[in-house]
Protein chains: 2
Amino acid sequence: MLDDLDKLSNIGKTPEGGVSRLAFSKPDLETRAWFKARVADAGLDFEQDGAGNLFGTLPCANPEAKTILAGSHLDSVPNGGRFDGPLGVLSTLEALRTIKEAGVSLPVHLQCVSFSDEEGTWIRLMGSRAFAGKLTEASLAAESALTAGELEDVGGGPDRFAAALDGAGISTDSLLNAQCDPKRYVGFIEVHIEQGPRLEEADLNIGVVTEILGIRWQWLRFIGEAAHAAGKPMALRKDALWGVSDFILRAKALVESEFPPGVMNCGQAQIKPETFNIVPAEVRLALEIRHRSPEQMEEMQRQLMALAKASAEEYRLKLEIEPVGYVPPAPLDEGVVDLIQQAATDLRLKHTRLTCFAGHDTQTLSALMPSAMYFVPSVDGVSHNPKEFTKPEDVVNAANVMVHTMLGWAKKLVDG
Amino acid sequence: MLDDLDKLSNIGKTPEGGVSRLAFSKPDLETRAWFKARVADAGLDFEQDGAGNLFGTLPCANPEAKTILAGSHLDSVPNGGRFDGPLGVLSTLEALRTIKEAGVSLPVHLQCVSFSDEEGTWIRLMGSRAFAGKLTEASLAAESALTAGELEDVGGGPDRFAAALDGAGISTDSLLNAQCDPKRYVGFIEVHIEQGPRLEEADLNIGVVTEILGIRWQWLRFIGEAAHAAGKPMALRKDALWGVSDFILRAKALVESEFPPGVMNCGQAQIKPETFNIVPAEVRLALEIRHRSPEQMEEMQRQLMALAKASAEEYRLKLEIEPVGYVPPAPLDEGVVDLIQQAATDLRLKHTRLTCFAGHDTQTLSALMPSAMYFVPSVDGVSHNPKEFTKPEDVVNAANVMVHTMLGWAKKLVDG
């Protein structure tokens with residue numbers, strides 16, 4: 001498996017030692033062919049669905065049995081790391097190989113999946129959302145136009161998205177009809193690098209994710225009036241930056257006092273015009289909020305929008321909201337979390353439960369079937385970066401926990 | 001005089017009907033030759049000093065007499081208006097012609113001046129600052145490099161500034177030694193278009209400027225720490241935008257309550273990094289402050305810097321100040337203001353006293369000799385724009401007030 005990881009890191013390798021495998025780019029297509037060959041080498045059944053998701057299945061004796069699904073993704077961000085995604089797919093592949101070699105007879109099929117375009121070169125979490133039947137024609141058009149325009153090595157022309165899909169043997173039609181039958185599945189497991197320093201700092205081997213935070217992105221446009229900084233008395237100004245400053249401080253206080261452990265961030269503020277002596281006529285503020293609870297997330301959003309309106313009114317500004325995106329909070333399955341923790345305990349690994357802040361395919365799958373995920377440490381918490389590194393022993397732990405979780409789950413199905 | 005204005009507006013004329021006469025560009029050199037010929041036509045004595053400032057003098061009988069200086073500038077910003085500058089020079093030239101033709105015997109010389117590069121193609125207020133002995137080699141190097149790099153039609157090469165000066169028959173040496181002897185002068189008068197709508201809105205003919213506001217530009221760099229918006233608890237963040245928001249609101253309150261009629265403006269805020277999910281590590285905030293009183297200006301600056309320090313400390317940020325520029329407040333001479341008002345009254349023009357927000361050569365001259373300036377209306381307050389327009393009757397008023405102010409001042413010198 002370490003050899004697999006090593007070989008894979010040569011596909012789309014960048015001068016800095018990272019990888020660029022944007023979904024449906026040449027390196028991604030090469031990766032897909034490579035993965036198909038690995039599945040065949042392992043004696044598993046290969047399959048590709050309408051979304052370009054790749055599957056390797058270890059069938060059990062009973063064709064009517066359900067399936068335990070596990071995996072992650074093989075695409076990357078531009079000049080990203082070698083572990084983000086592949087660790088999960090290859091740990092699962094290794095688990096299936098190990099279980100197959102052991103000749104164990106199971107009451108379920110085991111299936112390894114690599115989801116398409118997790119990183120959103122075209123559409124964020126595209127493969128898992130298609131698999132969950134959550135993609136619509138409208139969202140497809142909006143989202144693929146949004147991101148792909150910036151990329152150079154994924155084809156060109158007005159029909160770039162369709163052309164890109166075509167390269168992988170899929171179409172927008174097949175993509176929109178890739179929904180799986182969830183009744184065929186027992187559940188889903190994903191292992192991923194942590195993308196943060198918590199496990200490393202606490203000297204732990206495994207972090208079992210109990211929930212993935214919901215996230216909402218939006219632009220708040222505070223609109224005032226440009227004026228000469230000396231010509232217009234301060235009391236008569238409609239200074240958009242004053243209203244924004246007021247909102248930021250009040251929003252911070254609100255989220256900290258009323259919505260822990262929810263968080264907010266204002267990471268961008270675009271000012272028009274942008275010059276020393278003109279009163280800001282407009283500020284476009286980036287607001288990101290996160291929460292673990294779907295209800296609290298909604299209530300936090302409601303109160304923050306009321307606050308933005310109040311700040312705007314106090315400074316005699318207009319307010320416009322531009323939604324950007326929303327991923328609902330995903331509480332993960334307590335039973336699957338327990339199975340992973342039991343596997344880690346059996347392997348004498350130090351483990352903890354934690355909250356996940358970033359988006360993963362598990363988020364999509366959790367709405368569909370019992371799902372959970374776990375992390376192994378990422379040195380210095382680095383990810384989406386050529387310096388991303390996970391130690392060989394942690395890679396081995398990832399695969400071992402996958403084997404034990406799958407076997408534990410299978411045993412639980414028998415025991416009932 | 002209206003004919004002069006008309007002819008001059010053909011030099012450097014732009015397709016939009018404005019003028020581009022950047023200092024020392026070809027159109028500016030053509031303007032200089034044109035002005036020299038007008039001075040000769042008027043029978044006045046022409047002179048050019050080491051800064052390329054152009055003078056036309058109407059001498060009186062006594063060679064030992066002092067001089068009343070008046071004028072403005074003939075250069076423009078790119079695609080600027082026809083009146084900003086020329087109105088003052090040509091009104092003064094017209095006044096000297098009128099007085100000369102009237103054959104009045106005066107106890108003073110009268111001198112019309114056109115200062116070089118008022119608009120700062122190379123160095124802001126260059127001619128008047130050289131005339132006042134306020135230019136140093138260091139400021140020359142720093143400022144000329146700062147602005148001229150962006151211009152295309154003023155020559156090229158590493159010695160662009162020296163080459164540009166050379167075209168007008170001057171050198172950096174002569175520029176640095178152009179200081180006048182202020183004892184030779186009685187004082188200075190400038191007439192200019194208003195560059196704002198106050199006179200037009202109040203249906204007035206003349207605005208006599210009692211003071212030019214001081215102005216200070218600076219960048220405040222609030223430095224915190226980048227962090228993932230979900231990974232770092234809000235209570236542990238060092239969010240530079242929080243500190244900046246706090247500073248903006250406190251600075252606003254301070255200036256409004258403690259320093260009227262002083263004003264402040266934050267017109268730019270540059271955030272790093274600039275993304276939804278990263279806590280702002282740094283915000284570079286543009287702070288501009290203005291005041292009429294030199295003492296209050298200093299005190300306001302002191303208190304604002306203390307406030308910035310306090311906001312930075314409260315949010316655990318570092319603070320760095322980058323000074324950009326400072327022009328001290330210029331209270332104008334009460335005696336000259338009275339003379340101009342008396343002239344306007346004698347001419348039955350509706351006039352008022354007002355504060356000037358923008359920089360003018362008068363600002364430099366006021367530190368050197370009794371100085372004042374007055375405005376005539378600018379339609380819709382437009383300036384630095386091809387649409388800039390001042391009505392012929394207001395142009396005539398400008399020249400008439402100049403004649404009467406000069407004669408009133410001369411009479412006052414005799415009366416003692």
# chains A, B, ... in the order shown; residues from 1 in each chain; ligands from 1
$ calpha_fit_and_write --fixed "chain B" --moving "chain A" --output "compact mmCIF listing (two decimals) with C-alpha atoms, in the first residue's frame"
# COMPACT_ATOMS: atom_id res chain seq x y z
CA MET A 1 -9.14 87.01 -21.58
CA LEU A 2 -12.00 84.66 -22.49
CA ASP A 3 -10.26 84.30 -25.84
CA ASP A 4 -6.99 83.43 -24.04
CA LEU A 5 -8.76 80.71 -22.02
CA ASP A 6 -10.29 79.36 -25.20
CA LYS A 7 -7.00 79.24 -27.08
CA LEU A 8 -5.18 77.67 -24.16
CA SER A 9 -7.78 74.91 -23.90
CA ASN A 10 -6.68 73.70 -27.35
CA ILE A 11 -3.20 72.84 -26.08
CA GLY A 12 -3.22 69.25 -24.85
CA LYS A 13 -6.92 68.94 -25.64
CA THR A 14 -8.40 65.49 -25.02
CA PRO A 15 -11.20 63.76 -26.99
CA GLU A 16 -13.54 64.28 -24.02
CA GLY A 17 -13.01 68.04 -24.18
CA GLY A 18 -10.63 68.25 -21.24
CA VAL A 19 -6.89 68.86 -21.27
CA SER A 20 -3.81 66.76 -20.47
CA ARG A 21 -0.92 69.06 -19.72
CA LEU A 22 1.21 67.05 -17.34
CA ALA A 23 4.13 69.11 -16.09
CA PHE A 24 7.04 69.12 -18.59
CA SER A 25 5.14 67.01 -21.14
CA LYS A 26 5.04 68.31 -24.73
CA PRO A 27 1.69 70.08 -24.22
CA ASP A 28 3.09 71.74 -21.07
CA LEU A 29 6.17 72.95 -22.96
CA GLU A 30 3.90 74.29 -25.69
CA THR A 31 1.82 76.03 -23.01
CA ARG A 32 4.93 77.64 -21.56
CA ALA A 33 5.92 79.05 -24.96
CA TRP A 34 2.36 80.27 -25.52
CA PHE A 35 2.30 82.01 -22.12
CA LYS A 36 5.67 83.66 -22.76
CA ALA A 37 4.27 85.08 -26.00
CA ARG A 38 1.13 86.38 -24.21
CA VAL A 39 3.31 88.12 -21.62
CA ALA A 40 5.31 89.76 -24.43
CA ASP A 41 2.11 90.73 -26.29
CA ALA A 42 0.92 92.46 -23.11
CA GLY A 43 4.14 94.46 -22.92
CA LEU A 44 5.12 92.87 -19.61
CA ASP A 45 8.61 91.70 -18.61
CA PHE A 46 9.00 87.94 -18.94
CA GLU A 47 11.15 85.91 -16.59
CA GLN A 48 11.66 82.22 -15.76
CA ASP A 49 13.23 81.14 -12.47
CA GLY A 50 15.25 78.03 -11.62
CA ALA A 51 12.10 76.03 -10.92
CA GLY A 52 10.58 76.82 -14.29
CA ASN A 53 8.08 79.20 -12.69
CA LEU A 54 7.07 81.78 -15.30
CA PHE A 55 6.63 85.46 -14.45
CA GLY A 56 5.16 88.45 -16.28
CA THR A 57 5.90 91.72 -14.50
CA LEU A 58 4.33 95.17 -14.76
CA PRO A 59 7.03 97.31 -13.17
CA CYS A 60 6.27 100.60 -11.48
CA ALA A 61 8.45 103.69 -11.74
CA ASN A 62 10.45 102.96 -8.59
CA PRO A 63 12.94 100.11 -9.16
CA GLU A 64 13.31 99.73 -5.37
CA ALA A 65 9.57 99.12 -4.90
CA LYS A 66 8.24 95.81 -3.65
CA THR A 67 6.02 93.48 -5.67
CA ILE A 68 2.46 92.19 -5.37
CA LEU A 69 2.55 88.63 -6.71
CA ALA A 70 -0.53 86.83 -8.04
CA GLY A 71 -1.21 83.75 -10.14
CA SER A 72 -1.72 80.04 -10.13
CA HIS A 73 -0.60 77.25 -12.52
CA LEU A 74 -1.05 76.13 -16.14
CA ASP A 75 -0.30 72.40 -15.83
CA SER A 76 -3.12 69.87 -15.42
CA VAL A 77 -3.85 66.34 -14.23
CA PRO A 78 -4.37 63.70 -16.96
CA ASN A 79 -7.59 64.51 -18.81
CA GLY A 80 -8.33 67.34 -16.41
CA GLY A 81 -10.40 70.48 -16.83
CA ARG A 82 -9.68 73.73 -18.67
CA PHE A 83 -10.13 76.05 -15.69
CA ASP A 84 -8.23 74.51 -12.77
CA GLY A 85 -5.11 76.70 -12.74
CA PRO A 86 -5.40 78.69 -16.00
CA LEU A 87 -8.29 80.72 -14.57
CA GLY A 88 -5.93 82.13 -11.95
CA VAL A 89 -2.98 82.80 -14.25
CA LEU A 90 -5.06 84.36 -17.03
CA SER A 91 -7.21 86.45 -14.64
CA THR A 92 -4.00 87.87 -13.23
CA LEU A 93 -2.56 88.48 -16.69
CA GLU A 94 -5.81 90.24 -17.65
CA ALA A 95 -5.63 92.33 -14.47
CA LEU A 96 -2.09 93.44 -15.32
CA ARG A 97 -3.11 94.26 -18.90
CA THR A 98 -6.08 96.28 -17.65
CA ILE A 99 -4.04 98.20 -15.11
CA LYS A 100 -1.28 98.81 -17.66
CA GLU A 101 -3.78 100.07 -20.24
CA ALA A 102 -5.38 102.35 -17.64
CA GLY A 103 -1.95 103.93 -17.18
CA VAL A 104 -2.31 104.07 -13.42
CA SER A 105 0.83 104.97 -11.52
CA LEU A 106 1.43 102.52 -8.65
CA PRO A 107 3.87 102.32 -5.73
CA VAL A 108 4.46 98.56 -6.38
CA HIS A 109 5.41 96.22 -9.15
CA LEU A 110 2.68 93.78 -10.13
CA GLN A 111 3.74 90.28 -11.07
CA CYS A 112 1.78 87.43 -12.61
CA VAL A 113 3.14 83.92 -11.93
CA SER A 114 2.51 80.45 -13.30
CA PHE A 115 3.98 77.90 -10.89
CA SER A 116 5.48 74.64 -12.21
CA ASP A 117 3.89 71.23 -11.61
CA GLU A 118 1.22 72.30 -9.13
CA GLU A 119 -0.65 69.06 -9.78
CA GLY A 120 2.33 66.91 -8.82
CA THR A 121 3.02 64.99 -12.01
CA TRP A 122 6.51 64.88 -10.53
CA ILE A 123 6.39 66.68 -7.20
CA ARG A 124 3.27 68.14 -5.61
CA LEU A 125 3.31 71.98 -5.59
CA MET A 126 6.85 71.77 -6.96
CA GLY A 127 7.20 75.28 -8.33
CA SER A 128 5.81 77.13 -5.31
CA ARG A 129 7.76 74.94 -2.88
CA ALA A 130 11.00 75.64 -4.77
CA PHE A 131 10.09 79.35 -4.80
CA ALA A 132 9.62 79.15 -1.02
CA GLY A 133 12.93 77.28 -0.58
CA LYS A 134 11.11 74.23 0.81
CA LEU A 135 12.48 71.57 -1.54
CA THR A 136 15.43 69.43 -0.46
CA GLU A 137 17.45 66.92 -2.42
CA ALA A 138 16.00 64.10 -0.32
CA SER A 139 12.38 65.09 -0.81
CA LEU A 140 13.09 65.58 -4.49
CA ALA A 141 14.40 62.04 -4.94
CA ALA A 142 11.64 60.44 -2.87
CA GLU A 143 8.72 62.33 -4.37
CA SER A 144 9.74 62.36 -8.02
CA ALA A 145 10.26 58.58 -7.95
CA LEU A 146 6.90 58.13 -6.24
CA THR A 147 4.65 59.58 -8.88
CA ALA A 148 6.36 59.85 -12.23
CA GLY A 149 6.70 56.10 -12.64
CA GLU A 150 3.05 55.84 -13.61
CA LEU A 151 3.12 58.37 -16.42
CA GLU A 152 3.79 57.52 -20.03
CA ASP A 153 3.93 60.76 -21.97
CA VAL A 154 6.56 62.56 -19.91
CA GLY A 155 9.68 60.83 -21.19
CA GLY A 156 11.40 57.64 -20.08
CA GLY A 157 14.56 56.07 -18.68
CA PRO A 158 16.14 56.16 -15.25
CA ASP A 159 16.77 59.89 -15.42
CA ARG A 160 13.26 60.77 -16.50
CA PHE A 161 12.88 63.54 -13.96
CA ALA A 162 16.16 65.22 -14.88
CA ALA A 163 15.32 64.80 -18.58
CA ALA A 164 11.87 66.28 -18.03
CA LEU A 165 13.29 69.28 -16.18
CA ASP A 166 15.87 69.74 -18.92
CA GLY A 167 13.10 70.06 -21.51
CA ALA A 168 11.90 73.16 -19.68
CA GLY A 169 15.41 74.61 -19.38
CA ILE A 170 15.90 73.78 -15.70
CA SER A 171 17.91 71.31 -13.64
CA THR A 172 17.72 69.74 -10.19
CA ASP A 173 20.44 72.20 -9.16
CA SER A 174 18.54 75.25 -10.38
CA LEU A 175 15.38 73.81 -8.81
CA LEU A 176 17.01 73.50 -5.40
CA ASN A 177 18.31 77.06 -5.67
CA ALA A 178 15.15 78.76 -6.87
CA GLN A 179 14.29 80.31 -3.51
CA CYS A 180 13.00 83.87 -3.84
CA ASP A 181 13.78 86.77 -1.55
CA PRO A 182 10.48 87.21 0.33
CA LYS A 183 11.50 90.74 1.40
CA ARG A 184 10.99 91.78 -2.22
CA TYR A 185 7.29 90.90 -1.95
CA VAL A 186 4.27 92.62 -0.44
CA GLY A 187 2.22 89.44 -0.67
CA PHE A 188 0.42 86.91 -2.83
CA ILE A 189 -3.10 86.51 -4.26
CA GLU A 190 -4.55 83.50 -6.08
CA VAL A 191 -7.91 83.02 -7.72
CA HIS A 192 -9.11 79.49 -8.51
CA ILE A 193 -12.28 77.63 -9.38
CA GLU A 194 -14.02 76.33 -6.28
CA GLN A 195 -13.80 72.55 -6.96
CA GLY A 196 -16.94 72.15 -4.87
CA PRO A 197 -20.60 73.21 -5.02
CA ARG A 198 -20.83 75.61 -2.07
CA LEU A 199 -20.86 78.92 -3.98
CA GLU A 200 -23.21 77.62 -6.67
CA GLU A 201 -25.61 76.17 -4.11
CA ALA A 202 -25.71 79.42 -2.16
CA ASP A 203 -25.95 81.50 -5.36
CA LEU A 204 -22.78 83.47 -4.57
CA ASN A 205 -20.17 84.97 -6.92
CA ILE A 206 -17.02 84.98 -4.83
CA GLY A 207 -15.74 82.86 -1.93
CA VAL A 208 -12.83 84.36 -0.03
CA VAL A 209 -10.69 81.67 1.54
CA THR A 210 -9.75 82.35 5.16
CA GLU A 211 -7.72 79.19 5.68
CA ILE A 212 -6.48 76.11 3.88
CA LEU A 213 -6.88 72.94 5.92
CA GLY A 214 -3.83 70.98 6.93
CA ILE A 215 -3.80 67.40 5.74
CA ARG A 216 -1.96 64.27 6.79
CA TRP A 217 -1.92 61.00 4.86
CA GLN A 218 -0.69 57.75 6.36
CA TRP A 219 -1.07 54.01 6.10
CA LEU A 220 -1.81 52.06 9.28
CA ARG A 221 -0.71 48.46 8.95
CA PHE A 222 -2.53 46.17 11.39
CA ILE A 223 -0.71 42.82 11.44
CA GLY A 224 -2.31 39.67 12.82
CA GLU A 225 -2.02 36.05 11.81
CA ALA A 226 -3.52 34.10 8.91
CA ALA A 227 -5.52 31.07 9.99
CA HIS A 228 -8.11 28.75 8.52
CA ALA A 229 -11.50 30.25 9.35
CA ALA A 230 -12.81 26.96 10.69
CA GLY A 231 -9.63 25.41 12.03
CA LYS A 232 -8.75 28.26 14.40
CA PRO A 233 -11.27 28.96 17.21
CA MET A 234 -12.57 32.54 17.00
CA ALA A 235 -11.32 33.31 20.51
CA LEU A 236 -7.73 32.46 19.50
CA ARG A 237 -7.63 34.38 16.22
CA LYS A 238 -5.55 37.42 15.48
CA ASP A 239 -7.92 38.89 12.93
CA ALA A 240 -6.51 42.14 11.52
CA LEU A 241 -9.89 43.19 10.13
CA TRP A 242 -11.47 43.06 13.58
CA GLY A 243 -8.84 45.46 14.92
CA VAL A 244 -9.29 47.75 11.93
CA SER A 245 -13.07 47.79 12.32
CA ASP A 246 -12.67 48.68 15.97
CA PHE A 247 -10.20 51.47 15.13
CA ILE A 248 -12.40 52.97 12.40
CA LEU A 249 -15.44 53.28 14.66
CA ARG A 250 -13.49 54.65 17.62
CA ALA A 251 -11.53 57.10 15.43
CA LYS A 252 -14.78 58.36 13.90
CA ALA A 253 -16.27 58.93 17.36
CA LEU A 254 -13.12 60.64 18.62
CA VAL A 255 -12.77 63.06 15.70
CA GLU A 256 -16.49 63.91 15.72
CA SER A 257 -16.66 64.54 19.45
CA GLU A 258 -13.26 66.06 20.26
CA PHE A 259 -11.91 67.66 17.10
CA PRO A 260 -14.60 69.47 15.11
CA PRO A 261 -14.26 70.87 12.53
CA GLY A 262 -11.45 68.36 11.89
CA VAL A 263 -12.29 65.36 9.72
CA MET A 264 -10.92 61.87 9.08
CA ASN A 265 -11.40 59.41 6.26
CA CYS A 266 -10.43 55.77 5.73
CA GLY A 267 -10.71 55.40 1.98
CA GLN A 268 -8.75 52.19 1.42
CA ALA A 269 -8.26 48.90 3.25
CA GLN A 270 -5.96 46.35 1.65
CA ILE A 271 -6.40 42.86 3.07
CA LYS A 272 -3.91 39.96 2.97
CA PRO A 273 -4.57 37.21 2.10
CA GLU A 274 -7.80 37.95 0.36
CA THR A 275 -9.98 34.88 0.42
CA PHE A 276 -13.24 33.69 1.94
CA ASN A 277 -11.86 31.08 4.30
CA ILE A 278 -8.69 32.66 5.64
CA VAL A 279 -8.63 35.01 8.62
CA PRO A 280 -7.15 38.37 7.47
CA ALA A 281 -3.49 38.35 8.49
CA GLU A 282 -2.96 41.99 7.63
CA VAL A 283 -4.97 45.08 6.77
CA ARG A 284 -3.29 48.21 5.41
CA LEU A 285 -5.65 51.06 6.16
CA ALA A 286 -5.46 54.48 4.51
CA LEU A 287 -6.04 57.23 7.05
CA GLU A 288 -6.41 60.86 6.02
CA ILE A 289 -7.01 63.60 8.57
CA ARG A 290 -7.52 67.36 8.16
CA HIS A 291 -7.77 70.31 10.49
CA ARG A 292 -7.60 74.10 10.30
CA SER A 293 -5.58 74.51 13.50
CA PRO A 294 -1.91 73.45 13.55
CA GLU A 295 -2.15 72.63 17.29
CA GLN A 296 -5.39 70.65 16.99
CA MET A 297 -3.98 68.84 13.97
CA GLU A 298 -1.03 67.66 16.05
CA GLU A 299 -3.20 66.67 19.00
CA MET A 300 -5.68 64.82 16.77
CA GLN A 301 -2.83 62.88 15.17
CA ARG A 302 -1.41 62.01 18.61
CA GLN A 303 -4.74 60.75 19.96
CA LEU A 304 -5.56 58.80 16.78
CA MET A 305 -2.22 57.00 16.88
CA ALA A 306 -2.83 56.12 20.55
CA LEU A 307 -6.25 54.81 19.55
CA ALA A 308 -4.78 52.69 16.73
CA LYS A 309 -2.31 51.25 19.21
CA ALA A 310 -5.12 50.47 21.65
CA SER A 311 -7.25 48.78 18.97
CA ALA A 312 -4.26 46.75 17.81
CA GLU A 313 -3.47 45.64 21.36
CA GLU A 314 -7.07 44.74 22.12
CA TYR A 315 -7.09 42.36 19.14
CA ARG A 316 -3.52 41.16 19.75
CA LEU A 317 -2.20 42.73 16.54
CA LYS A 318 0.99 44.53 15.70
CA LEU A 319 0.74 48.07 14.38
CA GLU A 320 3.03 49.79 11.91
CA ILE A 321 2.64 53.39 10.74
CA GLU A 322 3.75 54.43 7.26
CA PRO A 323 3.69 58.24 6.88
CA VAL A 324 2.76 59.31 3.36
CA GLY A 325 2.55 63.06 3.46
CA TYR A 326 1.79 66.12 5.56
CA VAL A 327 0.79 69.62 4.62
CA PRO A 328 0.42 71.90 7.64
CA PRO A 329 -2.75 73.98 8.08
CA ALA A 330 -2.39 77.39 6.43
CA PRO A 331 -4.32 80.23 8.05
CA LEU A 332 -4.46 82.97 5.41
CA ASP A 333 -3.72 86.65 5.94
CA GLU A 334 -6.65 88.57 7.45
CA GLY A 335 -5.56 91.82 5.76
CA VAL A 336 -5.48 90.27 2.28
CA VAL A 337 -8.81 88.51 2.94
CA ASP A 338 -10.29 91.93 3.81
CA LEU A 339 -8.87 93.48 0.62
CA ILE A 340 -10.47 90.77 -1.54
CA GLN A 341 -13.80 91.10 0.27
CA GLN A 342 -13.71 94.88 -0.16
CA ALA A 343 -13.02 94.42 -3.90
CA ALA A 344 -16.00 92.07 -4.21
CA THR A 345 -18.20 94.52 -2.30
CA ASP A 346 -17.10 97.41 -4.52
CA LEU A 347 -18.03 95.32 -7.58
CA ARG A 348 -21.44 94.54 -6.02
CA LEU A 349 -20.69 90.81 -6.08
CA LYS A 350 -22.24 88.41 -3.57
CA HIS A 351 -19.43 86.95 -1.52
CA THR A 352 -18.69 84.85 1.53
CA ARG A 353 -15.72 83.62 3.57
CA LEU A 354 -14.95 79.95 3.48
CA THR A 355 -12.47 77.23 4.30
CA CYS A 356 -10.51 75.53 1.54
CA PHE A 357 -10.03 71.74 1.72
CA ALA A 358 -7.69 71.19 -1.20
CA GLY A 359 -4.02 72.03 -1.63
CA HIS A 360 -3.01 75.11 -3.63
CA ASP A 361 0.16 77.11 -4.24
CA THR A 362 -1.26 79.67 -1.78
CA GLN A 363 -0.67 77.10 0.96
CA THR A 364 3.07 77.24 0.29
CA LEU A 365 3.18 81.00 -0.23
CA SER A 366 1.26 81.74 2.99
CA ALA A 367 4.24 80.62 5.07
CA LEU A 368 6.39 83.13 3.17
CA MET A 369 4.36 86.33 2.80
CA PRO A 370 0.84 87.70 3.48
CA SER A 371 -1.34 85.57 1.21
CA ALA A 372 -4.97 84.84 0.48
CA MET A 373 -7.03 83.32 -2.29
CA TYR A 374 -10.58 83.42 -3.59
CA PHE A 375 -12.87 81.13 -5.54
CA VAL A 376 -15.36 81.58 -8.32
CA PRO A 377 -18.11 78.97 -8.80
CA SER A 378 -17.49 75.71 -10.64
CA VAL A 379 -20.65 74.29 -12.23
CA ASP A 380 -21.86 71.29 -10.18
CA GLY A 381 -18.63 71.51 -8.20
CA VAL A 382 -16.86 69.41 -10.84
CA SER A 383 -13.07 69.55 -11.18
CA HIS A 384 -10.15 67.39 -12.39
CA ASN A 385 -12.57 66.28 -15.07
CA PRO A 386 -13.22 67.26 -18.72
CA LYS A 387 -16.70 68.42 -17.60
CA GLU A 388 -15.18 71.13 -15.39
CA PHE A 389 -16.85 74.43 -16.31
CA THR A 390 -16.93 77.98 -15.02
CA LYS A 391 -19.37 80.43 -16.64
CA PRO A 392 -17.94 83.39 -18.63
CA GLU A 393 -19.45 85.92 -16.19
CA ASP A 394 -17.65 84.18 -13.32
CA VAL A 395 -14.38 84.26 -15.28
CA VAL A 396 -14.87 88.00 -15.76
CA ASN A 397 -15.62 88.40 -12.03
CA ALA A 398 -12.37 86.58 -11.24
CA ALA A 399 -10.36 89.12 -13.26
CA ASN A 400 -12.29 92.15 -11.99
CA VAL A 401 -11.81 91.17 -8.36
CA MET A 402 -8.10 90.72 -9.09
CA VAL A 403 -7.86 94.25 -10.56
CA HIS A 404 -9.69 95.80 -7.62
CA THR A 405 -7.78 93.81 -5.02
CA MET A 406 -4.43 94.82 -6.51
CA LEU A 407 -5.46 98.46 -6.73
CA GLY A 408 -6.89 98.37 -3.20
CA TRP A 409 -3.70 96.81 -1.90
CA ALA A 410 -1.57 99.43 -3.70
CA LYS A 411 -3.74 102.21 -2.24
CA LYS A 412 -3.39 100.71 1.23
CA LEU A 413 0.41 100.74 0.84
CA VAL A 414 0.28 104.44 0.04
CA ASP A 415 -2.21 105.22 2.79
CA GLY A 416 -0.12 103.12 5.19
$ select_by_dssp --residues "range 177-216 of chain A" --states "alpha helix (DSSP H)" --output "ChimeraX atom specification"
/A:198-201
$ select_by_dssp --residues "range 159-211 of chain B" --states "strand (DSSP E)" --output "JSON, numbers by chain"
{"B": [185, 186, 187, 188, 189, 190, 191, 192, 193, 206, 207, 208, 209, 210, 211]}
$ decode --residues "range 38-60 of chain B" --atoms "C-alpha atoms" --output "CSV table (one decimal), in the first residue's frame"
chain,number,residue,atom,x,y,z
B,38,ARG,CA,1.2,86.8,-24.2
B,39,VAL,CA,3.4,88.5,-21.5
B,40,ALA,CA,5.4,90.2,-24.3
B,41,ASP,CA,2.2,91.2,-26.1
B,42,ALA,CA,1.0,92.9,-22.9
B,43,GLY,CA,4.2,94.9,-22.7
B,44,LEU,CA,5.2,93.2,-19.4
B,45,ASP,CA,8.7,92.0,-18.4
B,46,PHE,CA,9.1,88.3,-18.8
B,47,GLU,CA,11.2,86.2,-16.5
B,48,GLN,CA,11.7,82.5,-15.8
B,49,ASP,CA,13.3,81.3,-12.5
B,50,GLY,CA,15.3,78.2,-11.8
B,51,ALA,CA,12.2,76.2,-11.1
B,52,GLY,CA,10.6,77.0,-14.5
B,53,ASN,CA,8.1,79.4,-12.8
B,54,LEU,CA,7.1,82.0,-15.4
B,55,PHE,CA,6.7,85.7,-14.4
B,56,GLY,CA,5.2,88.7,-16.2
B,57,THR,CA,5.9,91.9,-14.3
B,58,LEU,CA,4.4,95.4,-14.5
B,59,PRO,CA,7.0,97.5,-12.8
B,60,CYS,CA,6.3,100.7,-11.0
